[in-house]
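As provided, run-v5.txt (compact mmCIF, C-alpha atoms) reads as follows.
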```txt
# COMPACT_ATOMS: atom_id res chain seq x y z
CA MET J 1 9.51 -1.75 -28.80
CA THR J 2 7.27 -3.38 -26.21
CA GLN J 3 3.75 -4.47 -27.03
CA PRO J 4 0.95 -2.59 -25.24
CA SER J 5 -0.55 -4.36 -22.27
CA LYS J 6 -3.85 -6.15 -22.73
CA ASN J 7 -4.66 -6.07 -19.02
CA PRO J 8 -8.34 -5.02 -18.77
CA ARG J 9 -7.78 -3.56 -15.30
CA ARG J 10 -5.53 -0.81 -16.65
CA ASP J 11 -8.12 1.94 -16.43
CA GLY J 12 -7.81 5.71 -16.20
CA ARG J 13 -7.04 5.63 -12.49
CA PHE J 14 -4.23 3.13 -13.07
CA HIS J 15 -2.72 5.16 -15.90
CA HIS J 16 -2.87 8.33 -13.79
CA HIS J 17 -0.70 6.72 -11.12
CA ARG J 18 1.52 4.94 -13.63
CA SER J 19 2.31 8.22 -15.37
CA HIS J 20 3.57 9.56 -12.03
CA PHE J 21 5.66 6.42 -11.61
CA LEU J 22 7.11 6.67 -15.13
CA TYR J 23 8.09 10.30 -14.53
CA HIS J 24 10.63 9.00 -12.00
CA VAL J 25 11.41 5.51 -13.36
CA ASP J 26 12.46 4.08 -16.72
CA PRO J 27 11.55 0.39 -16.35
CA LEU J 28 13.59 -0.58 -19.42
CA THR J 29 16.90 0.62 -17.96
CA THR J 30 16.37 -0.11 -14.25
CA HIS J 31 15.69 -3.08 -11.99
CA GLY J 32 12.77 -2.85 -9.60
CA LEU J 33 10.70 -4.76 -7.09
CA GLU J 34 6.92 -4.50 -6.80
CA ILE J 35 5.19 -5.68 -3.64
CA GLY J 36 1.60 -6.94 -3.66
CA ALA J 37 0.97 -6.33 -7.38
CA PHE J 38 -1.57 -9.20 -7.64
CA ASP J 39 -2.90 -8.91 -11.23
CA LEU J 40 -2.21 -5.21 -11.81
CA PRO J 41 1.55 -4.54 -11.81
CA LEU J 42 2.98 -1.17 -12.71
CA VAL J 43 5.53 -2.98 -14.86
CA GLU J 44 4.50 -6.16 -16.65
CA PRO J 45 7.27 -8.66 -17.50
CA MET J 46 7.55 -7.45 -21.11
CA GLU J 47 7.75 -3.79 -20.03
CA GLY J 48 10.91 -3.90 -17.97
CA ARG J 49 12.98 -5.72 -15.40
CA CYS J 50 10.89 -6.21 -12.29
CA ASP J 51 10.76 -8.81 -9.53
CA PHE J 52 7.61 -9.45 -7.54
CA ALA J 53 7.05 -10.12 -3.85
CA ASP J 54 3.82 -11.09 -2.11
CA TRP J 55 2.50 -12.79 1.00
CA ASN J 56 0.81 -15.41 -1.19
CA THR J 57 1.90 -17.74 -3.97
CA ALA J 58 1.02 -16.99 -7.59
CA GLN J 59 -1.18 -20.10 -7.68
CA TYR J 60 -3.17 -18.92 -4.66
CA LEU J 61 -3.61 -15.49 -6.24
CA ARG J 62 -4.83 -17.05 -9.48
CA ASP J 63 -7.29 -19.20 -7.53
CA ILE J 64 -8.80 -16.27 -5.64
CA ALA J 65 -8.95 -14.16 -8.80
CA LYS J 66 -11.16 -16.66 -10.62
CA PRO J 67 -14.50 -16.09 -8.84
CA ASP J 68 -13.89 -12.37 -8.50
CA THR J 69 -14.89 -10.46 -11.63
CA GLY J 70 -12.79 -7.54 -10.44
CA HIS J 71 -9.57 -9.54 -10.97
CA ASN J 72 -8.10 -11.58 -13.80
CA PRO J 73 -6.06 -14.74 -13.19
CA ASP J 74 -4.38 -14.41 -16.59
CA PHE J 75 -2.50 -11.33 -15.38
CA VAL J 76 -1.42 -12.53 -11.93
CA VAL J 77 2.31 -11.82 -11.67
CA PRO J 78 4.96 -14.48 -11.02
CA ILE J 79 6.07 -14.34 -7.39
CA ASN J 80 9.83 -14.28 -6.88
CA TYR J 81 9.74 -13.80 -3.10
CA ASN J 82 7.09 -15.05 -0.69
CA LEU J 83 7.08 -12.51 2.12
CA LEU J 84 5.78 -15.05 4.62
CA GLU J 85 9.47 -15.99 4.69
CA GLY J 86 10.46 -12.40 5.47
CA TYR J 87 12.46 -9.75 3.66
CA ASP J 88 15.93 -11.17 4.33
CA GLN J 89 15.60 -13.31 1.18
CA VAL J 90 15.02 -10.20 -0.95
CA PRO J 91 18.31 -8.87 -2.38
CA ASP J 92 19.59 -5.34 -1.97
CA GLY J 93 20.40 -2.88 -4.72
CA TYR J 94 17.09 -2.22 -6.42
CA ASP J 95 16.71 1.01 -8.38
CA TRP J 96 13.12 1.24 -7.23
CA VAL J 97 10.49 -0.48 -5.12
CA ALA J 98 6.76 0.02 -5.69
CA ALA J 99 3.73 -0.91 -3.61
CA ALA J 100 0.10 -0.01 -4.26
CA HIS J 101 -2.35 -0.20 -1.36
CA VAL J 102 0.17 -2.02 0.83
CA ILE J 103 1.61 0.43 3.35
CA GLU J 104 -1.72 1.01 5.11
CA HIS J 105 -1.79 -2.70 6.04
CA VAL J 106 1.67 -3.01 7.65
CA PRO J 107 1.50 -2.99 11.47
CA ASP J 108 4.82 -1.16 11.97
CA ILE J 109 5.05 1.55 9.32
CA ILE J 110 8.49 2.75 10.48
CA GLY J 111 9.91 -0.77 10.53
CA TRP J 112 8.55 -1.44 7.04
CA LEU J 113 9.96 1.79 5.58
CA LYS J 114 13.33 1.04 7.19
CA GLN J 115 13.28 -2.44 5.69
CA ILE J 116 12.42 -1.20 2.21
CA ALA J 117 15.19 1.40 2.37
CA THR J 118 17.75 -1.40 2.84
CA LYS J 119 16.60 -2.95 -0.44
CA LEU J 120 17.24 0.24 -2.44
CA LYS J 121 20.54 1.35 -3.86
CA PRO J 122 21.66 4.88 -2.90
CA GLY J 123 19.45 7.32 -4.78
CA GLY J 124 16.79 4.64 -5.31
CA ILE J 125 13.10 5.44 -4.93
CA LEU J 126 10.06 4.00 -3.22
CA PHE J 127 6.82 4.59 -5.13
CA LEU J 128 3.60 4.22 -3.15
CA ILE J 129 -0.10 4.38 -4.01
CA ILE J 130 -2.06 5.00 -0.82
CA PRO J 131 -5.82 5.13 -0.15
CA ASP J 132 -7.05 8.53 0.98
CA LYS J 133 -9.17 8.01 4.11
CA ARG J 134 -11.50 10.84 3.09
CA TYR J 135 -12.88 8.82 0.17
CA ILE J 136 -12.97 5.23 1.42
CA PHE J 137 -14.51 3.23 4.25
CA ASP J 138 -12.00 4.82 6.68
CA ILE J 139 -13.75 8.18 6.36
CA TYR J 140 -14.87 8.31 10.02
CA ARG J 141 -11.49 7.31 11.48
CA GLN J 142 -8.91 9.72 12.90
CA GLU J 143 -5.76 10.23 10.84
CA SER J 144 -2.67 8.37 12.00
CA THR J 145 0.04 10.47 13.66
CA PHE J 146 3.80 10.51 14.13
CA THR J 147 3.21 9.36 17.71
CA ASP J 148 1.10 6.41 16.52
CA ALA J 149 3.96 5.37 14.24
CA LEU J 150 6.50 5.63 17.05
CA VAL J 151 4.35 3.56 19.42
CA ALA J 152 3.90 0.83 16.80
CA HIS J 153 7.64 0.76 16.14
CA LYS J 154 8.64 0.75 19.82
CA SER J 155 6.16 -2.07 20.34
CA ALA J 156 7.68 -3.93 17.36
CA PHE J 157 4.28 -4.93 16.02
CA LYS J 158 4.45 -7.99 13.78
CA HIS J 159 0.67 -8.28 13.50
CA PRO J 160 -2.01 -5.59 13.56
CA SER J 161 -2.55 -4.47 17.14
CA PHE J 162 -5.78 -4.62 19.12
CA ALA J 163 -6.24 -0.86 18.69
CA GLN J 164 -5.53 -0.89 14.96
CA VAL J 165 -7.98 -3.71 14.30
CA PHE J 166 -10.70 -2.43 16.61
CA ASP J 167 -10.58 1.03 15.04
CA HIS J 168 -10.71 -0.44 11.53
CA PHE J 169 -13.82 -2.52 12.14
CA TYR J 170 -15.67 -0.25 14.58
CA TYR J 171 -15.59 2.83 12.36
CA HIS J 172 -15.79 0.97 9.03
CA ALA J 173 -18.28 2.55 6.60
CA PRO J 174 -19.51 -0.28 4.36
CA GLY J 175 -20.69 0.62 0.89
CA LEU J 176 -19.08 4.04 0.81
CA VAL J 177 -18.34 5.21 -2.75
CA ALA J 178 -15.73 7.90 -3.42
CA ARG J 179 -17.89 9.62 -6.02
CA ASP J 180 -20.64 10.22 -3.44
CA VAL J 181 -18.17 11.98 -1.17
CA TRP J 182 -16.89 14.20 -3.97
CA ILE J 183 -20.33 15.33 -5.16
CA GLY J 184 -21.85 15.66 -1.71
CA ASN J 185 -24.34 12.78 -1.71
CA SER J 186 -25.51 11.22 1.53
CA LEU J 187 -23.08 8.66 2.90
CA PRO J 188 -23.44 5.42 4.87
CA GLY J 189 -22.57 5.77 8.53
CA PRO J 190 -19.93 3.82 10.45
CA MET J 191 -20.79 0.31 11.60
CA LEU J 192 -20.17 0.99 15.33
CA ASN J 193 -20.62 -2.72 16.03
CA PHE J 194 -18.78 -3.00 19.32
CA ALA J 195 -19.12 -6.76 19.84
CA ASN J 196 -17.89 -7.60 16.34
CA ALA J 197 -14.99 -5.14 16.38
CA PHE J 198 -13.90 -6.20 19.88
CA SER J 199 -14.02 -9.89 18.99
CA ILE J 200 -11.92 -9.48 15.84
CA ALA J 201 -9.43 -7.25 17.68
CA GLU J 202 -9.03 -9.87 20.41
CA LYS J 203 -8.19 -12.46 17.74
CA ALA J 204 -5.58 -10.11 16.31
CA GLU J 205 -4.08 -9.77 19.79
CA LEU J 206 -3.56 -13.55 19.76
CA ALA J 207 -1.58 -13.20 16.49
CA TYR J 208 -4.39 -14.44 14.24
CA GLU J 209 -3.97 -13.07 10.73
CA VAL J 210 -6.42 -10.18 10.48
CA ASP J 211 -6.45 -7.88 7.47
CA ALA J 212 -6.98 -4.28 8.51
CA HIS J 213 -5.99 -0.75 7.64
CA CYS J 214 -3.45 -0.11 10.37
CA TRP J 215 -2.77 3.40 9.03
CA VAL J 216 -5.32 6.07 8.17
CA LEU J 217 -3.83 8.60 5.81
CA THR J 218 -4.41 11.62 3.59
CA PRO J 219 -1.87 13.33 1.32
CA ASP J 220 -1.24 16.00 3.96
CA SER J 221 -0.96 13.61 6.89
CA PHE J 222 1.33 11.21 5.05
CA SER J 223 3.51 14.08 3.90
CA ALA J 224 3.78 15.36 7.47
CA LEU J 225 4.47 11.86 8.80
CA THR J 226 7.26 11.07 6.36
CA GLN J 227 8.81 14.50 6.84
CA SER J 228 8.84 13.94 10.61
CA LEU J 229 10.31 10.45 10.18
CA SER J 230 12.99 11.77 7.84
CA ASN J 231 13.84 14.80 10.00
CA SER J 232 14.16 12.62 13.09
CA GLN J 233 16.30 10.12 11.15
CA MET J 234 13.88 7.34 11.94
CA ILE J 235 13.96 6.32 8.28
CA ASN J 236 16.66 6.59 5.61
CA LEU J 237 14.22 8.01 3.07
CA ARG J 238 13.18 11.55 2.23
CA PRO J 239 9.95 12.82 0.65
CA LEU J 240 10.58 13.64 -3.01
CA ASP J 241 7.22 14.01 -4.76
CA LEU J 242 3.51 13.62 -4.05
CA HIS J 243 0.49 13.66 -6.36
CA PRO J 244 -2.66 14.36 -4.32
CA THR J 245 -5.96 12.60 -4.81
CA VAL J 246 -7.65 13.79 -8.00
CA PHE J 247 -11.32 14.76 -8.21
CA GLY J 248 -13.42 11.61 -8.15
CA GLY J 249 -10.47 9.48 -7.01
CA LEU J 250 -9.77 7.56 -3.84
CA ASP J 251 -5.98 7.34 -3.62
CA PHE J 252 -2.80 9.36 -4.01
CA SER J 253 0.76 8.54 -5.02
CA VAL J 254 4.04 9.35 -3.33
CA VAL J 255 7.75 9.09 -4.12
CA LEU J 256 10.32 8.71 -1.33
CA GLN J 257 14.03 8.61 -2.10
CA LYS J 258 17.00 7.03 -0.40
CA PRO J 259 19.84 9.56 -0.11
CA ALA J 260 22.56 9.13 -2.71
CA THR J 261 25.26 9.06 -0.04
```
I need this file expressed as structure tokens, please.
Amino acid sequence: MTQPSKNPRRDGRFHHHRSHFLYHVDPLTTHGLEIGAFDLPLVEPMEGRCDFADWNTAQYLRDIAKPDTGHNPDFVVPINYNLLEGYDQVPDGYDWVAAAHVIEHVPDIIGWLKQIATKLKPGGILFLIIPDKRYIFDIYRQESTFTDALVAHKSAFKHPSFAQVFDHFYYHAPGLVARDVWIGNSLPGPMLNFANAFSIAEKAELAYEVDAHCWVLTPDSFSALTQSLSNSQMINLRPLDLHPTVFGGLDFSVVLQKPAT
């Protein structure tokens, strides 16, 4: 019997998503990979067999967690694969892959989903937690479309594009709180700072590392996108299950499955 986690960040929101994950995955009898877990993994080392991948080293993550009261260096996961070296180093055959608040950052969403599918065994699942644009700082941005995904993939984006970065910073609504949206309080407006957004987007165009939400999603739009990608055989994954954003929340969870044959 495993000991209960002492991670202080495991709050009600976390347990809501984890219960969805555990409905589809038994961590004790499967082998998974979690991407970008930082200090809040779905499966801690004593809870099951899970490898961890990130774009940073564990030491760097512990260092940046120290001054931030929202994170805890004691729970930073060990990093098995540094994704700055790409996904080729990551083995195939996982029962499941999980990523919370990752997919919205990848420049080429189709390319990323294709890549993850190669790491799953037939019948394996991809579990995602995704911010809902209606309840975060992306509230004023237009939802991403199937066409947007195709353009990014045809362009083989390796870094966020000028358009993705400009849109992120120009329409960013700083200080927006999900609860205020849900109960109808007044909300902060978008920044609409053209000079700042244009300058950052130009840097991104020169392949500077810029962190941005490349994809703007809701449960409905993501469901439609993945259905279109699956139907068109752009990805070897099919939508299996989706839990929409709960009242007061800011994100939703999704399960995609690799066909068994």
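Interatomic distance, CA of Pro131 (chain J) against CA of Thr245 (chain J): 8.8 Å.
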*Nearest to Ala260 (chain J): which of J:Ala201, J:Val165, J:Leu237, J:Val246 is it, counting only C-alpha atoms?*
J:Leu237
*Please provide the set of residues having any atom within 12 Å of Arg18 (chain J), restricted to all atoms listed in the file, with same-chain residues fewer than 3 positions apart removed, written as number ranges by chain.*
J: 10-15, 21-27, 40-44, 98-100, 127-129, 243, 252-254
_Taking 3 positions as the minimum chain separation for residues in the same chain, which residues sit within 6 Å of region 109-123 of chain J when counting only C-alpha atoms? Answer as a count of residues only._
9
_Separation of CA of Asn7 (chain J) from CA of Ala37 (chain J), in Å and rounded to one decimal_ = 12.9 Å
Taking all atoms of region 23-29 of chain J that appear in the file, build a box with edges along x, y and z, extend it by 4 Å on every side, and state its centre and edge lengths in Å to one decimal, as lines of an AutoDock Vina configuration file.
```
center_x = 12.5
center_y = 4.9
center_z = -15.7
size_x = 16.8
size_y = 18.9
size_z = 15.4
```
*Can you pull out every residue within 6 Å of Phe75 (chain J), counting only C-alpha atoms, but drop anything in the same chain fewer than 2 positions away, and send it as a list of chain:residue names?*
J:Asp39, J:Asn72, J:Pro73
Filtering to C-alpha atoms, could you give me those residues as a short mmCIF file (atom, residue, chain, number, x, y, z; two decimals), keeping the file's coordinate frame?
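Here's the written file selection-v1.cif:
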```
data_model
loop_
_atom_site.label_atom_id
_atom_site.label_comp_id
_atom_site.auth_asym_id
_atom_site.auth_seq_id
_atom_site.Cartn_x
_atom_site.Cartn_y
_atom_site.Cartn_z
CA ASP J 39 -2.90 -8.91 -11.23
CA ASN J 72 -8.10 -11.58 -13.80
CA PRO J 73 -6.06 -14.74 -13.19
#
```
*asked:* Would you compute the distance between CA of Gly36 (chain J) and CA of Ala53 (chain J)? Give it in Å to one decimal.
replied: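 Pair CA of Gly36 (chain J) / CA of Ala53 (chain J) returns 6.3 Å.
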*asked:* If we draw a sphere of 9 Å around (13.8, -13.7, -4.7), which residues have at least one atom in it when counting only C-alpha atoms? Please report them as an NGL selection string.
replied: :J and (51-53 or 79-82 or 89-91)
*Residue neighbourhood Ser199 (chain J), 12 Å, only C-alpha atoms, exclusion window fewer than 2 positions, as number ranges by chain*: J: 162-163, 165-166, 169-170, 193-197, 201-206, 208, 210
_At a cut-off of 8 Å, using all atoms listed in the file, what residues contact Leu61 (chain J)? Leave out same-chain residues fewer than 5 positions from it and give the result as a list in words._
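After dropping sequence-adjacent residues, the list is Phe38, Asn56, Pro73 and Val76 of chain J.
The set of protein, DNA and RNA residues with any counted atom at most 12 Å from (-20.1, 0.7, 7.1) (only C-alpha atoms) reads Ile136, Phe137, Asp138, Ile139, Tyr140, Arg141, His168, Phe169, Tyr170, Tyr171, His172, Ala173, Pro174, Gly175, Leu176, Val177, Leu187, Pro188, Gly189, Pro190, Met191, Leu192 and Asn193 of chain J.
Each of J:Leu240, J:Ala65, J:Leu28, J:Val216 was compared to Arg134 (chain J) using only C-alpha atoms, and J:Val216 turns out to be the nearest.
Compared by their closest atoms to Gly249 (chain J), and using all atoms listed in the file, the residues J:Asp63, J:Asp180, J:His105, J:Ser232 rank with J:Asp180 nearest.
Of the residues under consideration (J:Glu209, J:Asp132, J:Asp167, J:Asp74), J:Asp132 shows the shortest atom-to-atom contact distance to Leu250 (chain J) when counting only C-alpha atoms.
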